Amino acid sequence: MSYPDEIYDEAIALKEAGEVEAAIEKMKSILEIDEKHVLTHSALAVYLQRIGNNEEALTHAQKVIELEPSDPFSFTQLSVICQRCGLIQEAEDAMAKARELQGGGCH
């Protein structure tokens, strides 16, 4: 297991213990080691949105898209984050892209 993955596991344990803000800080330390750690960006998008930091949550969700542009889940997650942030059109656009990548888009 690589060092960022070990820190990620520690952050998940913190989150599961109800220490979301401590988990967020630990995850941010991963990005200082590996700024392209997709799982960290994905988790940060969710955790930051939950604590009301919508702008930063969106930044991380968009980073996941940048790092994994062909993964439908990346766009699904962006859609959910956008919806929870009240960005309905952006949420619909992201979901349409996820469906397109899954082969279920309109032809």
# chains A, B, ... in the order shown; residues from 1 in each chain; ligands from 1
$ residues_around --residues "Leu67 of chain A" --least-positions-apart "6" --cutoff "12 Å" --atoms "only C-alpha atoms" --output "list in words"
Glu35, Lys36, His37, Val38, Leu39, Thr40, His41, Ser42, His60, Ala61, Ser74 and Phe75 of chain A
$ residues_around --residues "segment 18-29 of chain A" --least-positions-apart "5" --cutoff "10 Å" --atoms "only C-alpha atoms" --output "count of residues only"
21
$ select_by_dssp --residues "chain A" --states "helix (DSSP H, G or I)" --output "JSON, numbers by chain"
{"A": [3, 4, 5, 6, 7, 8, 9, 10, 11, 12, 13, 14, 15, 16, 20, 21, 22, 23, 24, 25, 26, 27, 28, 29, 30, 31, 32, 33, 38, 39, 40, 41, 42, 43, 44, 45, 46, 47, 48, 49, 50, 54, 55, 56, 57, 58, 59, 60, 61, 62, 63, 64, 65, 66, 67, 72, 73, 74, 75, 76, 77, 78, 79, 80, 81, 82, 83, 84, 88, 89, 90, 91, 92, 93, 94, 95, 96, 97, 98, 99, 100, 101]}
$ write_last_selection --atoms "C-alpha atoms" --output "CSV table (one decimal), in the first residue's frame"
chain,number,residue,atom,x,y,z
A,3,TYR,CA,1.7,6.2,1.6
A,4,PRO,CA,-1.3,8.3,0.3
A,5,ASP,CA,-3.5,5.2,0.5
A,6,GLU,CA,-2.5,4.7,4.1
A,7,ILE,CA,-3.4,8.3,5.0
A,8,TYR,CA,-6.6,7.9,3.0
A,9,ASP,CA,-7.6,4.9,5.2
A,10,GLU,CA,-6.8,6.9,8.3
A,11,ALA,CA,-9.0,9.7,7.0
A,12,ILE,CA,-11.9,7.4,6.3
A,13,ALA,CA,-11.6,6.0,9.9
A,14,LEU,CA,-11.8,9.6,11.2
A,15,LYS,CA,-14.9,10.2,9.1
A,16,GLU,CA,-16.5,7.0,10.3
A,20,VAL,CA,-15.4,14.8,9.4
A,21,GLU,CA,-13.4,18.0,9.7
A,22,ALA,CA,-10.3,16.1,10.9
A,23,ALA,CA,-10.8,13.6,8.0
A,24,ILE,CA,-11.0,16.6,5.6
A,25,GLU,CA,-7.7,18.0,7.0
A,26,LYS,CA,-6.0,14.6,6.7
A,27,MET,CA,-7.2,14.2,3.1
A,28,LYS,CA,-5.9,17.6,2.2
A,29,SER,CA,-2.5,16.4,3.4
A,30,ILE,CA,-2.7,13.6,0.9
A,31,LEU,CA,-3.0,16.1,-1.9
A,32,GLU,CA,0.3,17.7,-0.8
A,33,ILE,CA,1.9,14.3,-1.5
A,38,VAL,CA,-8.6,10.7,-7.3
A,39,LEU,CA,-10.2,8.9,-4.3
A,40,THR,CA,-9.2,11.9,-2.1
A,41,HIS,CA,-10.7,14.4,-4.5
A,42,SER,CA,-13.9,12.3,-4.7
A,43,ALA,CA,-14.2,12.0,-0.9
A,44,LEU,CA,-13.4,15.7,-0.3
A,45,ALA,CA,-16.1,16.7,-2.7
A,46,VAL,CA,-18.7,14.8,-0.6
A,47,TYR,CA,-17.4,15.7,2.8
A,48,LEU,CA,-16.9,19.4,2.0
A,49,GLN,CA,-20.4,19.6,0.6
A,50,ARG,CA,-21.8,18.0,3.7
A,54,ASN,CA,-20.0,24.0,-1.6
A,55,GLU,CA,-17.5,26.0,-3.6
A,56,GLU,CA,-14.5,23.8,-2.5
A,57,ALA,CA,-16.7,20.7,-2.9
A,58,LEU,CA,-17.4,21.6,-6.5
A,59,THR,CA,-13.7,22.3,-7.1
A,60,HIS,CA,-12.8,18.7,-6.0
A,61,ALA,CA,-15.7,17.2,-7.9
A,62,GLN,CA,-14.5,19.0,-11.0
A,63,LYS,CA,-10.9,17.7,-10.4
A,64,VAL,CA,-12.2,14.2,-10.4
A,65,ILE,CA,-13.7,14.8,-13.9
A,66,GLU,CA,-10.4,16.3,-15.0
A,67,LEU,CA,-8.5,13.2,-13.8
A,72,PRO,CA,-19.3,7.9,-15.8
A,73,PHE,CA,-19.2,7.9,-12.0
A,74,SER,CA,-17.1,11.1,-12.1
A,75,PHE,CA,-19.9,12.9,-13.8
A,76,THR,CA,-22.6,11.2,-11.6
A,77,GLN,CA,-20.8,12.5,-8.5
A,78,LEU,CA,-20.5,16.0,-10.0
A,79,SER,CA,-24.2,15.9,-10.7
A,80,VAL,CA,-25.1,15.0,-7.1
A,81,ILE,CA,-22.8,17.7,-5.7
A,82,CYS,CA,-24.2,20.3,-8.1
A,83,GLN,CA,-27.7,19.3,-7.2
A,84,ARG,CA,-27.0,19.6,-3.5
A,88,ILE,CA,-29.7,22.3,-11.1
A,89,GLN,CA,-28.7,22.9,-14.8
A,90,GLU,CA,-25.1,22.0,-14.1
A,91,ALA,CA,-26.4,18.8,-12.3
A,92,GLU,CA,-28.5,17.9,-15.3
A,93,ASP,CA,-25.6,18.5,-17.7
A,94,ALA,CA,-23.3,16.3,-15.7
A,95,MET,CA,-25.9,13.5,-15.5
A,96,ALA,CA,-26.4,13.7,-19.2
A,97,LYS,CA,-22.6,13.3,-19.7
A,98,ALA,CA,-22.6,10.3,-17.3
A,99,ARG,CA,-25.4,8.6,-19.3
A,100,GLU,CA,-23.6,9.4,-22.6
A,101,LEU,CA,-20.4,7.7,-21.3
$ decode --residues "segment 51-92 of chain A" --atoms "C-alpha atoms" --output "PDB file, in the first residue's frame"
ATOM      1  CA  ILE A  51     -20.271  20.653   5.943  1.00  0.00           C
ATOM      2  CA  GLY A  52     -21.536  23.407   3.650  1.00  0.00           C
ATOM      3  CA  ASN A  53     -18.334  24.295   1.833  1.00  0.00           C
ATOM      4  CA  ASN A  54     -19.995  24.038  -1.556  1.00  0.00           C
ATOM      5  CA  GLU A  55     -17.457  26.002  -3.576  1.00  0.00           C
ATOM      6  CA  GLU A  56     -14.544  23.834  -2.487  1.00  0.00           C
ATOM      7  CA  ALA A  57     -16.670  20.686  -2.874  1.00  0.00           C
ATOM      8  CA  LEU A  58     -17.367  21.615  -6.484  1.00  0.00           C
ATOM      9  CA  THR A  59     -13.672  22.252  -7.098  1.00  0.00           C
ATOM     10  CA  HIS A  60     -12.817  18.724  -5.977  1.00  0.00           C
ATOM     11  CA  ALA A  61     -15.690  17.153  -7.940  1.00  0.00           C
ATOM     12  CA  GLN A  62     -14.472  18.964 -11.049  1.00  0.00           C
ATOM     13  CA  LYS A  63     -10.925  17.743 -10.390  1.00  0.00           C
ATOM     14  CA  VAL A  64     -12.227  14.159 -10.410  1.00  0.00           C
ATOM     15  CA  ILE A  65     -13.692  14.850 -13.876  1.00  0.00           C
ATOM     16  CA  GLU A  66     -10.357  16.263 -15.018  1.00  0.00           C
ATOM     17  CA  LEU A  67      -8.466  13.204 -13.750  1.00  0.00           C
ATOM     18  CA  GLU A  68     -10.977  10.583 -14.944  1.00  0.00           C
ATOM     19  CA  PRO A  69     -12.884  12.140 -17.857  1.00  0.00           C
ATOM     20  CA  SER A  70     -14.092   8.820 -19.255  1.00  0.00           C
ATOM     21  CA  ASP A  71     -15.508   7.476 -15.971  1.00  0.00           C
ATOM     22  CA  PRO A  72     -19.310   7.883 -15.801  1.00  0.00           C
ATOM     23  CA  PHE A  73     -19.172   7.886 -11.993  1.00  0.00           C
ATOM     24  CA  SER A  74     -17.066  11.065 -12.073  1.00  0.00           C
ATOM     25  CA  PHE A  75     -19.917  12.876 -13.785  1.00  0.00           C
ATOM     26  CA  THR A  76     -22.559  11.235 -11.609  1.00  0.00           C
ATOM     27  CA  GLN A  77     -20.784  12.492  -8.512  1.00  0.00           C
ATOM     28  CA  LEU A  78     -20.475  15.974 -10.002  1.00  0.00           C
ATOM     29  CA  SER A  79     -24.195  15.876 -10.745  1.00  0.00           C
ATOM     30  CA  VAL A  80     -25.064  14.997  -7.147  1.00  0.00           C
ATOM     31  CA  ILE A  81     -22.753  17.679  -5.724  1.00  0.00           C
ATOM     32  CA  CYS A  82     -24.191  20.281  -8.105  1.00  0.00           C
ATOM     33  CA  GLN A  83     -27.741  19.295  -7.194  1.00  0.00           C
ATOM     34  CA  ARG A  84     -27.015  19.569  -3.472  1.00  0.00           C
ATOM     35  CA  CYS A  85     -25.455  22.972  -4.099  1.00  0.00           C
ATOM     36  CA  GLY A  86     -28.559  24.168  -5.943  1.00  0.00           C
ATOM     37  CA  LEU A  87     -26.912  24.153  -9.378  1.00  0.00           C
ATOM     38  CA  ILE A  88     -29.698  22.283 -11.125  1.00  0.00           C
ATOM     39  CA  GLN A  89     -28.724  22.936 -14.769  1.00  0.00           C
ATOM     40  CA  GLU A  90     -25.124  21.963 -14.067  1.00  0.00           C
ATOM     41  CA  ALA A  91     -26.373  18.817 -12.306  1.00  0.00           C
ATOM     42  CA  GLU A  92     -28.508  17.884 -15.300  1.00  0.00           C
TER      43      GLU A  92
END
